[in-house]
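A.B. asks: This is structure_28.csv (CSV, C-alpha atoms).
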chain,number,residue,atom,x,y,z
Y,2,MET,CA,-9.9,69.5,-39.2
Y,3,PRO,CA,-12.4,71.4,-37.1
Y,4,GLN,CA,-12.5,71.5,-33.4
Y,5,PRO,CA,-13.4,68.2,-31.8
Y,6,GLU,CA,-17.0,67.2,-32.0
Y,7,ARG,CA,-16.5,64.3,-29.6
Y,8,LEU,CA,-13.4,64.1,-27.5
Y,9,LEU,CA,-12.2,61.1,-25.6
Y,10,ILE,CA,-9.9,61.9,-22.6
Y,11,ILE,CA,-7.6,58.9,-22.0
Y,12,GLY,CA,-6.4,59.1,-18.4
Y,13,CYS,CA,-8.3,61.7,-16.4
Y,14,GLY,CA,-6.0,62.7,-13.5
Y,15,ASN,CA,-5.6,66.2,-12.0
Y,16,MET,CA,-5.0,68.0,-15.3
Y,17,GLY,CA,-7.5,66.0,-17.4
Y,18,GLY,CA,-10.1,66.5,-14.7
Y,19,ALA,CA,-9.4,70.2,-14.5
Y,20,MET,CA,-9.9,70.5,-18.3
Y,21,LEU,CA,-13.0,68.4,-18.2
Y,22,ALA,CA,-14.5,70.6,-15.5
Y,23,GLY,CA,-13.5,73.8,-17.4
Y,24,TRP,CA,-15.1,72.6,-20.7
Y,25,LEU,CA,-18.3,71.7,-18.9
Y,26,GLY,CA,-18.3,75.0,-17.0
Y,27,SER,CA,-18.0,76.9,-20.3
Y,28,GLY,CA,-21.2,75.3,-21.4
Y,29,LEU,CA,-19.8,72.5,-23.7
Y,30,ASP,CA,-22.3,69.7,-24.0
Y,31,ALA,CA,-21.4,66.8,-21.7
Y,32,ASN,CA,-22.3,64.3,-24.5
Y,33,ARG,CA,-19.3,65.6,-26.5
Y,34,LEU,CA,-16.9,64.4,-23.9
Y,35,ALA,CA,-16.0,60.9,-22.6
Y,36,VAL,CA,-13.3,59.4,-20.4
Y,37,LEU,CA,-11.3,56.2,-20.6
Y,38,ASP,CA,-9.8,55.6,-17.2
Y,39,PRO,CA,-9.9,52.3,-15.4
Y,40,GLY,CA,-9.1,53.9,-12.0
Y,41,LEU,CA,-11.5,56.9,-12.1
Y,42,GLU,CA,-14.4,56.4,-9.6
Y,43,SER,CA,-16.9,58.5,-11.5
Y,44,ALA,CA,-17.3,61.1,-14.2
Y,45,PRO,CA,-19.5,64.3,-14.2
Y,46,GLU,CA,-23.1,63.8,-15.1
Y,47,GLY,CA,-23.6,63.3,-18.8
Y,48,VAL,CA,-20.0,62.3,-19.5
Y,49,ALA,CA,-19.5,58.7,-20.5
Y,50,LEU,CA,-16.9,56.8,-18.4
Y,51,TYR,CA,-15.2,53.7,-19.9
Y,52,ARG,CA,-12.9,51.3,-18.1
Y,53,GLU,CA,-11.6,49.3,-21.2
Y,54,VAL,CA,-10.7,50.2,-24.7
Y,55,ALA,CA,-13.2,47.8,-26.1
Y,56,GLN,CA,-16.1,49.7,-24.5
Y,57,VAL,CA,-15.2,52.9,-26.3
Y,58,ALA,CA,-16.8,51.7,-29.6
Y,59,ASP,CA,-20.0,53.1,-28.1
Y,60,PHE,CA,-18.5,56.7,-28.4
Y,61,ALA,CA,-17.9,57.9,-31.9
Y,62,HIS,CA,-15.0,60.2,-31.2
Y,63,ASP,CA,-12.9,62.3,-33.6
Y,64,ALA,CA,-10.2,63.3,-31.1
Y,65,VAL,CA,-8.4,61.9,-28.1
Y,66,LEU,CA,-6.6,63.7,-25.3
Y,67,LEU,CA,-3.8,61.8,-23.8
Y,68,GLY,CA,-3.7,62.5,-20.0
Y,69,PHE,CA,-1.6,59.7,-18.5
Y,70,LYS,CA,2.0,59.9,-17.4
Y,71,PRO,CA,4.6,60.4,-20.2
Y,72,GLN,CA,6.5,57.4,-19.0
Y,73,GLN,CA,3.5,55.2,-19.8
Y,74,LEU,CA,3.4,56.0,-23.5
Y,75,GLY,CA,5.5,53.0,-24.6
Y,76,ASN,CA,3.3,50.5,-22.7
Y,77,LEU,CA,-0.1,52.0,-23.5
Y,78,ALA,CA,0.3,53.1,-27.1
Y,79,PRO,CA,-0.1,49.7,-28.8
Y,80,GLY,CA,-3.4,49.1,-27.0
Y,81,LEU,CA,-4.7,52.5,-28.0
Y,82,GLN,CA,-4.2,52.1,-31.8
Y,83,ALA,CA,-7.8,51.3,-32.3
Y,84,LEU,CA,-8.8,54.6,-30.8
Y,85,THR,CA,-6.4,56.8,-32.8
Y,86,GLY,CA,-7.0,55.7,-36.4
Y,87,GLU,CA,-8.1,57.5,-39.6
Y,88,GLY,CA,-9.9,60.8,-38.9
Y,89,VAL,CA,-8.9,61.0,-35.3
Y,90,ALA,CA,-6.7,63.7,-34.0
Y,91,VAL,CA,-4.3,63.0,-31.1
Y,92,HIS,CA,-4.0,65.8,-28.5
Y,93,SER,CA,-1.3,65.2,-25.9
Y,94,LEU,CA,-0.8,66.5,-22.4
Y,95,LEU,CA,2.3,64.4,-22.0
Y,96,ALA,CA,5.1,66.7,-20.8
Y,97,GLY,CA,8.3,66.4,-22.8
Y,98,LEU,CA,7.0,64.1,-25.5
Y,99,THR,CA,7.6,65.6,-29.0
Y,100,ILE,CA,5.4,65.6,-32.0
Y,101,GLY,CA,7.8,63.1,-33.6
Y,102,GLN,CA,7.3,60.7,-30.7
Y,103,LEU,CA,3.5,61.1,-30.9
Y,104,GLN,CA,3.6,60.4,-34.7
Y,105,GLN,CA,5.7,57.3,-34.1
Y,106,ALA,CA,3.3,56.1,-31.4
Y,107,PHE,CA,0.1,56.8,-33.3
Y,108,PRO,CA,1.1,56.8,-37.0
Y,109,SER,CA,-2.5,56.5,-38.3
Y,110,ALA,CA,-3.8,59.6,-36.5
Y,111,ALA,CA,-5.1,62.5,-38.6
Y,112,ALA,CA,-3.2,65.1,-36.6
Y,113,HIS,CA,-0.8,65.3,-33.6
Y,114,ILE,CA,-1.2,68.2,-31.2
Y,115,ARG,CA,0.8,69.1,-28.1
Y,116,VAL,CA,-1.3,70.9,-25.5
Y,117,MET,CA,0.0,72.5,-22.3
Y,118,PRO,CA,-2.5,74.1,-19.9
Y,119,ASN,CA,-2.4,74.4,-16.1
Y,120,LEU,CA,-4.9,73.6,-13.3
Y,121,ALA,CA,-6.6,77.0,-13.7
Y,122,ALA,CA,-8.3,75.4,-16.7
Y,123,ARG,CA,-10.9,74.3,-14.1
Y,124,ILE,CA,-12.0,77.9,-13.7
Y,125,ASN,CA,-11.4,78.9,-17.3
Y,126,LYS,CA,-8.3,81.0,-16.5
Y,127,SER,CA,-5.4,78.9,-17.9
Y,128,PRO,CA,-3.0,79.8,-20.6
Y,129,ILE,CA,-3.0,76.9,-23.1
Y,130,ILE,CA,0.1,76.4,-25.3
Y,131,LEU,CA,-0.6,74.5,-28.6
Y,132,LEU,CA,1.7,73.1,-31.2
Y,133,GLY,CA,0.8,70.6,-33.9
Y,134,GLU,CA,1.3,68.8,-37.2
Y,135,GLY,CA,-1.5,68.0,-39.6
Y,136,VAL,CA,-3.3,71.2,-38.7
Y,137,ASP,CA,-4.1,73.9,-41.3
Y,138,GLU,CA,-5.0,77.5,-40.6
Y,139,SER,CA,-8.7,76.8,-40.5
Y,140,ALA,CA,-8.2,74.0,-38.0
Y,141,ARG,CA,-6.0,76.2,-35.9
Y,142,ARG,CA,-8.7,78.8,-35.6
Y,143,ASP,CA,-11.2,76.2,-34.6
Y,144,LEU,CA,-8.9,74.6,-32.1
Y,145,THR,CA,-8.0,78.0,-30.6
Y,146,GLY,CA,-11.7,78.5,-30.0
Y,147,PHE,CA,-12.1,75.1,-28.4
Y,148,TYR,CA,-9.2,75.7,-26.0
Y,149,ASP,CA,-10.1,79.3,-25.4
Y,150,ARG,CA,-13.0,77.8,-23.4
Y,151,LEU,CA,-10.3,77.0,-20.7
Y,152,GLY,CA,-8.6,80.4,-20.7
Y,153,THR,CA,-6.4,81.8,-23.4
Y,154,ALA,CA,-4.9,79.6,-26.1
Y,155,THR,CA,-1.8,80.5,-28.2
Y,156,TRP,CA,0.2,78.6,-30.8
Y,157,LEU,CA,3.9,78.0,-30.6
Y,158,GLU,CA,5.8,77.7,-33.9
Y,159,ASP,CA,9.2,76.3,-32.6
Y,160,GLU,CA,8.9,73.0,-30.8
Y,161,ALA,CA,12.4,73.5,-29.3
Y,162,LYS,CA,10.9,76.2,-27.1
Y,163,PHE,CA,7.9,74.1,-25.9
Y,164,ASP,CA,9.6,72.9,-22.7
Y,165,VAL,CA,10.5,76.5,-21.8
Y,166,VAL,CA,6.9,77.7,-22.1
Y,167,THR,CA,5.7,74.6,-20.3
Y,168,ALA,CA,8.0,75.5,-17.4
Y,169,LEU,CA,6.2,78.9,-17.2
Y,170,ALA,CA,2.6,78.3,-18.2
Y,171,GLY,CA,2.3,74.7,-17.1
Y,172,SER,CA,4.5,74.4,-14.0
Y,173,GLY,CA,4.3,78.1,-13.1
Y,174,PRO,CA,1.3,77.7,-10.8
Y,175,GLY,CA,3.3,75.4,-8.5
Y,176,PHE,CA,6.0,78.1,-8.2
Y,177,VAL,CA,3.4,80.8,-7.5
Y,178,TYR,CA,1.7,78.6,-4.8
Y,179,ARG,CA,5.2,78.0,-3.2
Y,180,PHE,CA,5.8,81.8,-3.3
Y,181,ILE,CA,2.4,82.5,-1.6
Y,182,ASP,CA,3.2,79.9,1.1
Y,183,ALA,CA,6.7,81.4,1.6
Y,184,LEU,CA,5.2,84.9,2.0
Y,185,ALA,CA,2.9,83.6,4.7
Y,186,GLU,CA,5.7,81.6,6.4
Y,187,ALA,CA,8.0,84.7,6.4
Y,188,THR,CA,5.2,86.9,7.8
Y,189,ALA,CA,4.5,84.3,10.5
Y,190,SER,CA,8.2,84.3,11.4
Y,191,LEU,CA,8.0,88.0,12.0
Y,192,GLY,CA,5.2,87.6,14.6
Y,193,ILE,CA,1.9,87.3,12.8
Y,194,GLU,CA,-0.4,84.3,13.5
Y,195,ARG,CA,-0.1,81.8,10.7
Y,196,ASP,CA,-3.8,81.6,9.8
Y,197,GLN,CA,-3.9,85.4,9.4
Y,198,ALA,CA,-0.6,85.4,7.4
Y,199,ASP,CA,-2.0,82.7,5.1
Y,200,MET,CA,-5.2,84.8,4.4
Y,201,LEU,CA,-3.3,88.0,3.9
Y,202,ALA,CA,-0.7,86.4,1.5
Y,203,LEU,CA,-3.4,84.7,-0.6
Y,204,THR,CA,-5.7,87.7,-0.8
Y,205,MET,CA,-2.8,90.0,-1.6
Y,206,VAL,CA,-1.6,87.8,-4.5
Y,207,GLU,CA,-5.1,87.4,-5.9
Y,208,GLY,CA,-5.7,91.1,-5.9
Y,209,ALA,CA,-2.3,92.0,-7.3
Y,210,ALA,CA,-2.7,89.5,-10.2
Y,211,ALA,CA,-6.2,90.7,-11.0
Y,212,LEU,CA,-5.0,94.3,-11.1
Y,213,ALA,CA,-1.9,93.4,-13.3
Y,214,ALA,CA,-4.2,91.6,-15.8
Y,215,GLN,CA,-6.3,94.8,-16.2
Y,216,GLU,CA,-3.6,97.4,-16.3
Y,217,GLU,CA,-2.0,98.6,-19.5
Y,218,ILE,CA,1.4,98.9,-18.0
Y,219,ASP,CA,3.7,95.9,-17.3
Y,220,PRO,CA,4.1,94.3,-13.9
Y,221,GLY,CA,7.7,95.8,-13.6
Y,222,ALA,CA,6.3,99.3,-13.9
Y,223,LEU,CA,3.4,98.4,-11.5
Y,224,ALA,CA,6.0,97.4,-8.9
Y,225,ASP,CA,7.7,100.7,-9.2
Y,226,ARG,CA,4.3,102.5,-8.9
Y,227,VAL,CA,3.7,100.7,-5.6
Y,228,ALA,CA,7.2,101.7,-4.4
Y,229,SER,CA,7.7,105.4,-3.5
Y,230,PRO,CA,11.3,106.6,-3.2
Y,231,GLY,CA,12.6,105.9,0.3
Y,232,GLY,CA,9.5,104.1,1.3
Y,233,MET,CA,8.8,100.6,2.8
Y,234,THR,CA,8.1,98.9,-0.5
Y,235,ARG,CA,11.2,100.2,-2.1
Y,236,GLU,CA,13.3,98.9,0.7
Y,237,GLY,CA,11.9,95.4,0.2
Y,238,LEU,CA,12.3,95.6,-3.6
Y,239,ASN,CA,16.0,96.5,-3.0
Y,240,VAL,CA,16.4,93.1,-1.4
Y,241,LEU,CA,14.8,91.3,-4.3
Y,242,ASP,CA,16.6,93.3,-6.9
Y,243,ALA,CA,20.1,93.2,-5.4
Y,244,ASP,CA,22.4,91.4,-7.9
Y,245,ALA,CA,19.2,90.3,-9.8
Y,246,ALA,CA,18.6,87.8,-7.0
Y,247,LEU,CA,15.0,87.0,-7.8
Y,248,VAL,CA,15.6,86.9,-11.6
Y,249,ARG,CA,18.5,84.5,-11.1
Y,250,LEU,CA,16.5,82.3,-8.8
Y,251,LEU,CA,13.6,82.0,-11.2
Y,252,THR,CA,15.9,81.5,-14.2
Y,253,ASP,CA,17.4,78.5,-12.4
Y,254,THR,CA,13.9,77.3,-11.5
Y,255,LEU,CA,12.6,77.5,-15.1
Y,256,ALA,CA,15.8,76.0,-16.5
Y,257,ALA,CA,15.6,73.0,-14.2
Y,258,THR,CA,11.9,72.5,-15.1
Y,259,ARG,CA,12.7,72.8,-18.9
Y,260,ASP,CA,15.5,70.3,-18.6
Y,261,ARG,CA,13.2,67.8,-17.0
Y,262,GLY,CA,11.1,67.9,-20.1
Y,263,ALA,CA,14.1,66.7,-22.2
Y,264,GLN,CA,14.7,63.9,-19.7
Y,265,LEU,CA,11.0,62.8,-19.9
Y,266,SER,CA,11.3,62.7,-23.7
Y,267,ARG,CA,14.4,60.5,-23.6
Y,268,GLY,CA,12.7,58.2,-21.0
Y,269,ALA,CA,9.7,57.7,-23.2
Y,270,ALA,CA,11.7,57.0,-26.4
Turn the structure described in the file into structure tokens.
C.D. replies:
Amino acid sequence: MPQPERLLIIGCGNMGGAMLAGWLGSGLDANRLAVLDPGLESAPEGVALYREVAQVADFAHDAVLLGFKPQQLGNLAPGLQALTGEGVAVHSLLAGLTIGQLQQAFPSAAAHIRVMPNLAARINKSPIILLGEGVDESARRDLTGFYDRLGTATWLEDEAKFDVVTALAGSGPGFVYRFIDALAEATASLGIERDQADMLALTMVEGAAALAAQEEIDPGALADRVASPGGMTREGLNVLDADAALVRLLTDTLAATRDRGAQLSRGAA
């Protein structure tokens, strides 16, 4: 199964919209993409927008991307059977829902693929986690190229680990945004105007991330490079490193996010 020639996005909310924008921004022809969403006001120029399943007969798709809420699968799946028949691959953004659940919901589909990007897909900077059944090595290569348009795609072999990588790669931006906001709030509490603190925090994180992406050494070593012995940065790192405080906080954060995936899976069963 090659990469999708014509992809139907079913439910185009924040994540689906970010991916749609990313594909178009990468140069993908708009006529290869369509959206089925009764609540969406409009679609980008050249992208067909359908309100009802019956209308989609006009779009000869070979893949669908499920972008609605995981809890809606049970109610929506029966009405989507006509769109997921022979020769059609089901790609799913539904957090927590397993390959087995997708196979049960769409038994006639040619393949079932879990996909986990984040909102940076809009600017072609997202990690994309892929895991699938019914996908051979040739199809994997093609799908990797298709999702590489949104950033960097990688395949996961063990589905039991999918919720963990989702917690990092999918939910991680939310944690980074919260960290940026907390840096600005902390700076403001120490006497800097909030507008200036916001600008400094955001610009600092943007530059630090860009540099880390280019450097050959890992971020931990970069932190030590910034921190000279007895200097200001080292004193701050001592607070974060004491009793592994930051690592423990983030471990708890990722574990809670991972565990919510299992809850979503049970809720959709």
A.B. asks: Could you work out how far CA of Ala263 in chain Y lies from CA of Gly101 in chain Y, giving the answer in Å with one decimal?
C.D. replies: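 About the pair CA of Gly101 in chain Y and CA of Ala263 in chain Y: they are 13.5 Å apart.
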A.B. asks: Give me, as JSON lines, each residue of range 127-229 of chain Y that comes within 12 Å of range 239-244 of chain Y, together with its shortest interatomic pair and the distance in Å at one decimal, counting all atoms listed in the file, with rows ordered by chain and rising residue number.
C.D. replies:
{"residue": "Y:Gly221", "atom": "CA", "partner": "Y:Asp242", "partner_atom": "CA", "distance": 11.4}
{"residue": "Y:Ala224", "atom": "CA", "partner": "Y:Asp242", "partner_atom": "CA", "distance": 11.5}
{"residue": "Y:Asp225", "atom": "CA", "partner": "Y:Asn239", "partner_atom": "CA", "distance": 11.2}
{"residue": "Y:Ala228", "atom": "CA", "partner": "Y:Asn239", "partner_atom": "CA", "distance": 10.3}
A.B. asks: Measuring between all atoms listed in the file, which one of Y:Leu201, Y:Ala161, Y:Gln56, Y:Leu250 shows the shortest distance to Phe176 in chain Y?
C.D. replies: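 Among Y:Leu201, Y:Ala161, Y:Gln56, Y:Leu250, it is Y:Leu250 that comes nearest to Phe176 in chain Y.
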A.B. asks: In Å, how far is it from CA of Leu50 in chain Y to CA of Asp38 in chain Y?
C.D. replies: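 For CA of Leu50 in chain Y relative to CA of Asp38 in chain Y, the distance reads 7.3 Å.
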A.B. asks: Which of these residues is nearest to Asp137 in chain Y, using all atoms listed in the file: Y:Gly75, Y:Glu160, Y:Thr252, Y:Ala111?
C.D. replies: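 Of the candidates, the smallest distance to Asp137 in chain Y is held by Y:Ala111.
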A.B. asks: So, counting only C-alpha atoms, which residue among Y:Arg150, Y:Arg249, Y:His113, Y:Arg235 is closest to Pro128 in chain Y?
C.D. replies: Y:Arg150
A.B. asks: Please determine, counting all atoms listed in the file, which residue among Y:Ala122, Y:Met205, Y:Leu255, Y:Ala90 has the shortest atom-to-atom distance to Leu144 in chain Y.
C.D. replies: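 Nearest to Leu144 in chain Y: Y:Ala90.
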A.B. asks: Using all atoms listed in the file, which residues sit within 8 Å of Gly80 in chain Y once same-chain residues fewer than 3 positions away are excluded, as a VMD selection string?
C.D. replies: chain Y and resid 54 77 83
A.B. asks: Limited to C-alpha atoms, could you put the picked residues into a file as a PDB file, in the frame of the given file?
C.D. replies:
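See out.pdb below for the written result:
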ATOM      1  CA  VAL Y  54     -10.700  50.200 -24.700  1.00  0.00           C
ATOM      2  CA  LEU Y  77      -0.100  52.000 -23.500  1.00  0.00           C
ATOM      3  CA  ALA Y  83      -7.800  51.300 -32.300  1.00  0.00           C
TER       4      ALA Y  83
END
A.B. asks: Could you give me, as an MDAnalysis selection string, the residues within 10 Å of Glu186 in chain Y, counting only C-alpha atoms and dropping anything in the same chain fewer than 5 positions from it?
C.D. replies: chainID Y and resid 180:181 191 193:195 198:199 202
A.B. asks: Export C-alpha atoms of the chosen residues as an mmCIF file, keeping the file's coordinate frame?
C.D. replies:
data_model
loop_
_atom_site.group_PDB
_atom_site.id
_atom_site.type_symbol
_atom_site.label_atom_id
_atom_site.label_comp_id
_atom_site.auth_asym_id
_atom_site.auth_seq_id
_atom_site.Cartn_x
_atom_site.Cartn_y
_atom_site.Cartn_z
ATOM 1 C CA PHE Y 180 5.800 81.800 -3.300
ATOM 2 C CA ILE Y 181 2.400 82.500 -1.600
ATOM 3 C CA LEU Y 191 8.000 88.000 12.000
ATOM 4 C CA ILE Y 193 1.900 87.300 12.800
ATOM 5 C CA GLU Y 194 -0.400 84.300 13.500
ATOM 6 C CA ARG Y 195 -0.100 81.800 10.700
ATOM 7 C CA ALA Y 198 -0.600 85.400 7.400
ATOM 8 C CA ASP Y 199 -2.000 82.700 5.100
ATOM 9 C CA ALA Y 202 -0.700 86.400 1.500
#
A.B. asks: Range 91-93 of chain Y: which residues within 12 Å, counting all atoms listed in the file, same-chain residues fewer than 6 positions away excluded, as an NGL selection string?
C.D. replies: :Y and (2 or 4-5 or 8-12 or 16-17 or 62-71 or 74 or 78 or 81-82 or 84-85 or 99-100 or 102-118 or 130-136 or 144 or 148)
